[in-house]
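Heads up, the thing below is written out as structure tokens.
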Amino acid sequence: MSSNLPPTFVEGFHDVKDLSKMKYTQLGKTDMIVSSMTFGGSAIGSVYRATDDQESVQVVEKAIQLGINMIDTAPWYGHTKSEKVLGMILPKFPRQAYYLNTKVGRYLPETSKMFDFRAERVIQSVDESLNHLGVEYIDTIQIHDMEFAPSLDIVINETLPALQKVKDAGKVRYIGITGYPMENFRTVLEKSPVKIDTVLTYCHASMNDNSLGEYIPYFQSKGVGVINASILSMGLLTNRGPAKWHRAGENIRSVCRQAAEFCQSKDVDIAKIATRFSLEQSGIHTTLIGTASMKNLLTNLEVLKHGITDHERKVSDEVMDKFFKPLNNANWEGVDVRRYREKLSENENDVNLG
């Protein structure tokens with residue numbers, strides 16, 4: 001047996017040849033040796049389109065067997081659907097074969113019920129997730145989109161200590177934080193009364209915004225694992241383009257649309273070169289790839305293991321120089337939170353008027 005195989009290798013379940021093609025690295029200071037690609041659970045929660053649960057189950061099984069050894073989900077994805085779909089298949093796998101992460105803090109579509117970072121609720125949430133997933137413990141429990149808390153003080157003084165109690169009880173092994181605004185990670189890491197093991201952010205290690213790279217030295221100094229998500233910037237870096245709800249301004253949308261059209265004119269799929277771009281960024285321990293499609297899973301693994309052609313790389317370089325470097329990491333930080341607080345205020349006013 002190869003000494004390069006991760007601790008998640010299970011003889012009889014995995015094929016050594018498949019795992020030998022995957023790159024593994026230690027996630028921060030944890031004992032988890034994770035694949036460079038993590039299976040993101042949002043798609044199997046039907047977040048982006050209607051999905052077939054049986055195909056989703058097959059996709060998860062194939063991902064784990066081919067060497068992806070970390071799964072990331074949340075109660076928010078499909079409002080528990082993602083966790084429940086995983087619960088259909090995970091109990092059939094050897095528990096040693098995968099690491100499992102989920103989240104607390106974000107739940108239901110109604111504005112007034114969407115977020116809840118109180119200690120009592122997050123402790124209850126962990127028990128609910130364990131039940132949905134059909135497992136006895138979660139590897140990393142993460143605070144979901146902490147920027148939506150009434151203040152970061154609640155995250156620091158209430159949510160994190162509550163998760164430490166859950167960890168002490170043996171229900172989770174590690175604690176992580178997630179969000180979009182990058183500077184929040186520094187604030188919470190500096191002030192947290194408990195050890196934070198991982199950070200997860202999204203849309204910040206992509207062709208149109210690679211600002212995560214500026215924070216890698218800081219995260220390394222803190223010994224935290226870095227998890228990257230939404231490498232296609234939630235649809236911006238696709239031929240189809242983003243959904244109407246996407247918070248990017250017209251300038252970002254326009255540049256991404258022009259870049260996709262340029263790639264098409266060169267017979268290149270922007271999603272493919274964007275995937276490779278993100279996978280090549282240094283200092284990131286693992287990158288989330290979310291799909292409920294077997295075809296898309298295998299395509300992403302192909303890009304991970306075999307890269308892109310010389311022509312695709314040439315076009316990728318041209319796209320960066322012509323379209324994305326001039327964007328200077330433009331983003332939509334604060335837009336989501338502002339709209340959420342406005343809706344919350346409107347709801348409260350309606351209640352008062354009623």
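If you're wondering about the labels, chains in the structure tokens are A, B, ... by order shown, residues count from 1 in each chain, ligands from 1 in order shown.
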
Select from range 42-82 of chain A every residue with an atom at most 12 Å from any atom of range 276-286 of chain A, then for each give the shortest pair of atoms and their distance in Å to one decimal, using only C-alpha atoms, rows by chain and rising number, as a tab-separated table.
```
residue	atom	partner	partner_atom	distance
A:Ile68	CA	A:Thr286	CA	10.2
A:Asn69	CA	A:Thr286	CA	10.4
A:Met70	CA	A:Thr286	CA	8.9
A:Ile71	CA	A:Thr286	CA	10.9
A:Asp72	CA	A:Thr286	CA	11.0
```

For the selection just defined, write its residues with C-alpha atoms to a file, as an mmCIF file, in the first residue's frame.
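The resulting part-v4.cif:
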```cif
data_model
loop_
_atom_site.group_PDB
_atom_site.id
_atom_site.type_symbol
_atom_site.label_atom_id
_atom_site.label_comp_id
_atom_site.auth_asym_id
_atom_site.auth_seq_id
_atom_site.Cartn_x
_atom_site.Cartn_y
_atom_site.Cartn_z
ATOM 1 C CA ILE A 68 -12.643 13.168 -2.996
ATOM 2 C CA ASN A 69 -12.627 12.754 0.773
ATOM 3 C CA MET A 70 -14.326 15.872 2.129
ATOM 4 C CA ILE A 71 -18.018 16.751 1.889
ATOM 5 C CA ASP A 72 -19.375 20.189 2.718
#
```

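Residues with any atom within 10 Å of range 339-349 of chain A, counting only C-alpha atoms and excluding same-chain neighbours fewer than 5 positions away, are Glu110, Thr111, Ser112, Lys113, Met114, Phe148, Pro150, Gly334 and Gly354 of chain A.
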
Selection to disk with C-alpha atoms, as a PDB file, in the first residue's frame:
```pdb
ATOM      1  CA  GLU A 110     -38.325  33.620   5.193  1.00  0.00           C
ATOM      2  CA  THR A 111     -36.338  36.734   6.061  1.00  0.00           C
ATOM      3  CA  SER A 112     -37.301  36.657   9.747  1.00  0.00           C
ATOM      4  CA  LYS A 113     -36.291  32.980  10.050  1.00  0.00           C
ATOM      5  CA  MET A 114     -33.253  32.964   7.802  1.00  0.00           C
ATOM      6  CA  PHE A 148     -25.422  38.368   8.639  1.00  0.00           C
ATOM      7  CA  PRO A 150     -26.646  41.311  14.182  1.00  0.00           C
ATOM      8  CA  GLY A 334     -22.084  44.457   1.601  1.00  0.00           C
ATOM      9  CA  GLY A 354     -50.422  45.394  12.137  1.00  0.00           C
TER      10      GLY A 354
END
```

For Ala169 in chain A, find every residue with an atom within 12 Å (counting only C-alpha atoms), except residues of its own chain fewer than 5 positions away, and show them as a ChimeraX atom specification. /A:123,126-127,136-138,162-164,174

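Considering the residues A:Val59, A:Ile33, A:Leu108, A:Ala119 and counting only C-alpha atoms, Pro75 in chain A has its shortest atom-to-atom contact with A:Leu108.
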
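If you measure from each of A:Thr198, A:Thr38, A:Gln96, A:Ser82 to Leu66 in chain A using only C-alpha atoms, the closest one turns out to be A:Thr38.
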
CA of Asn239 in chain A to CA of Ala260 in chain A measures 5.8 Å

In terms of only C-alpha atoms, the residue from A:Ala243, A:Val85, A:Ile273, A:Cys203 at minimal distance from Thr51 in chain A is A:Val85

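Residues in contact with Asp139 in chain A at up to 7 Å, not including ones fewer than 2 positions away on its chain and judged by only C-alpha atoms, are Tyr99, Leu100, Asn101, Tyr137, Ile141, Val172, Arg173 and Tyr174 of chain A.
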
Those residues you just picked out, can you put them in a file as a tab-separated table (two decimals), in the first residue's frame with all heavy atoms?
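To be explicit, this is the file written out as part.tsv:
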```tsv
chain	number	residue	atom	x	y	z
A	99	TYR	N	-14.42	12.93	5.29
A	99	TYR	CA	-14.59	13.98	6.29
A	99	TYR	C	-15.89	14.70	5.95
A	99	TYR	O	-16.19	14.92	4.78
A	99	TYR	CB	-13.42	14.97	6.26
A	99	TYR	CG	-12.07	14.33	6.44
A	99	TYR	CD1	-11.09	14.44	5.44
A	99	TYR	CD2	-11.74	13.65	7.61
A	99	TYR	CE1	-9.83	13.87	5.60
A	99	TYR	CE2	-10.48	13.07	7.77
A	99	TYR	CZ	-9.53	13.19	6.76
A	99	TYR	OH	-8.30	12.62	6.92
A	100	LEU	N	-16.60	15.12	6.98
A	100	LEU	CA	-17.92	15.71	6.76
A	100	LEU	C	-18.04	17.04	7.50
A	100	LEU	O	-17.84	17.11	8.72
A	100	LEU	CB	-19.00	14.75	7.25
A	100	LEU	CG	-20.46	15.20	7.11
A	100	LEU	CD1	-20.82	15.44	5.66
A	100	LEU	CD2	-21.39	14.15	7.72
A	101	ASN	N	-18.35	18.08	6.75
A	101	ASN	CA	-18.52	19.42	7.32
A	101	ASN	C	-19.94	19.91	7.08
A	101	ASN	O	-20.48	19.72	5.99
A	101	ASN	CB	-17.56	20.43	6.67
A	101	ASN	CG	-16.11	20.00	6.75
A	101	ASN	OD1	-15.74	19.12	7.53
A	101	ASN	ND2	-15.29	20.61	5.93
A	137	TYR	N	-20.89	11.84	14.34
A	137	TYR	CA	-20.13	13.07	14.58
A	137	TYR	C	-19.89	13.79	13.26
A	137	TYR	O	-19.99	13.21	12.18
A	137	TYR	CB	-18.79	12.77	15.27
A	137	TYR	CG	-17.80	12.02	14.39
A	137	TYR	CD1	-16.89	12.70	13.59
A	137	TYR	CD2	-17.80	10.63	14.34
A	137	TYR	CE1	-16.00	12.01	12.78
A	137	TYR	CE2	-16.91	9.93	13.53
A	137	TYR	CZ	-16.02	10.64	12.75
A	137	TYR	OH	-15.15	9.96	11.93
A	141	ILE	N	-17.69	21.84	12.15
A	141	ILE	CA	-18.94	22.60	12.20
A	141	ILE	C	-18.58	24.07	11.95
A	141	ILE	O	-17.67	24.61	12.59
A	141	ILE	CB	-19.68	22.41	13.56
A	141	ILE	CG1	-21.09	22.98	13.47
A	141	ILE	CG2	-18.90	22.99	14.73
A	141	ILE	CD1	-22.02	22.22	12.57
A	172	VAL	N	-18.66	17.21	17.39
A	172	VAL	CA	-17.88	17.74	16.27
A	172	VAL	C	-16.41	17.71	16.68
A	172	VAL	O	-16.08	17.71	17.86
A	172	VAL	CB	-18.30	19.19	15.90
A	172	VAL	CG1	-19.79	19.27	15.62
A	172	VAL	CG2	-17.92	20.18	16.98
A	173	ARG	N	-15.54	17.71	15.66
A	173	ARG	CA	-14.10	17.66	15.96
A	173	ARG	C	-13.41	19.01	15.79
A	173	ARG	O	-12.45	19.30	16.49
A	173	ARG	CB	-13.43	16.62	15.06
A	173	ARG	CG	-14.00	15.22	15.24
A	173	ARG	CD	-13.02	14.14	14.79
A	173	ARG	NE	-12.60	14.32	13.42
A	173	ARG	CZ	-11.31	14.29	13.01
A	173	ARG	NH1	-10.35	14.10	13.90
A	173	ARG	NH2	-11.02	14.44	11.74
A	174	TYR	N	-13.92	19.82	14.87
A	174	TYR	CA	-13.27	21.10	14.61
A	174	TYR	C	-14.31	22.19	14.39
A	174	TYR	O	-15.49	21.90	14.14
A	174	TYR	CB	-12.36	21.01	13.36
A	174	TYR	CG	-11.23	20.03	13.53
A	174	TYR	CD1	-11.24	18.80	12.88
A	174	TYR	CD2	-10.14	20.32	14.35
A	174	TYR	CE1	-10.21	17.88	13.03
A	174	TYR	CE2	-9.10	19.42	14.52
A	174	TYR	CZ	-9.15	18.20	13.86
A	174	TYR	OH	-8.13	17.30	14.04
```

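Compared by their closest atoms to Tyr48 in chain A, and using only C-alpha atoms, the residues A:Lys84, A:Ser293, A:Lys23, A:Leu200 rank with A:Ser293 nearest.
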
One decimal place gives the CA of Ile44 in chain A-CA of Thr73 in chain A separation as 9.4 Å

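Nearest to Ile64 in chain A of all the residues A:Phe185, A:Trp332, A:Phe324, A:Phe9 is A:Phe9, based on only C-alpha atoms.
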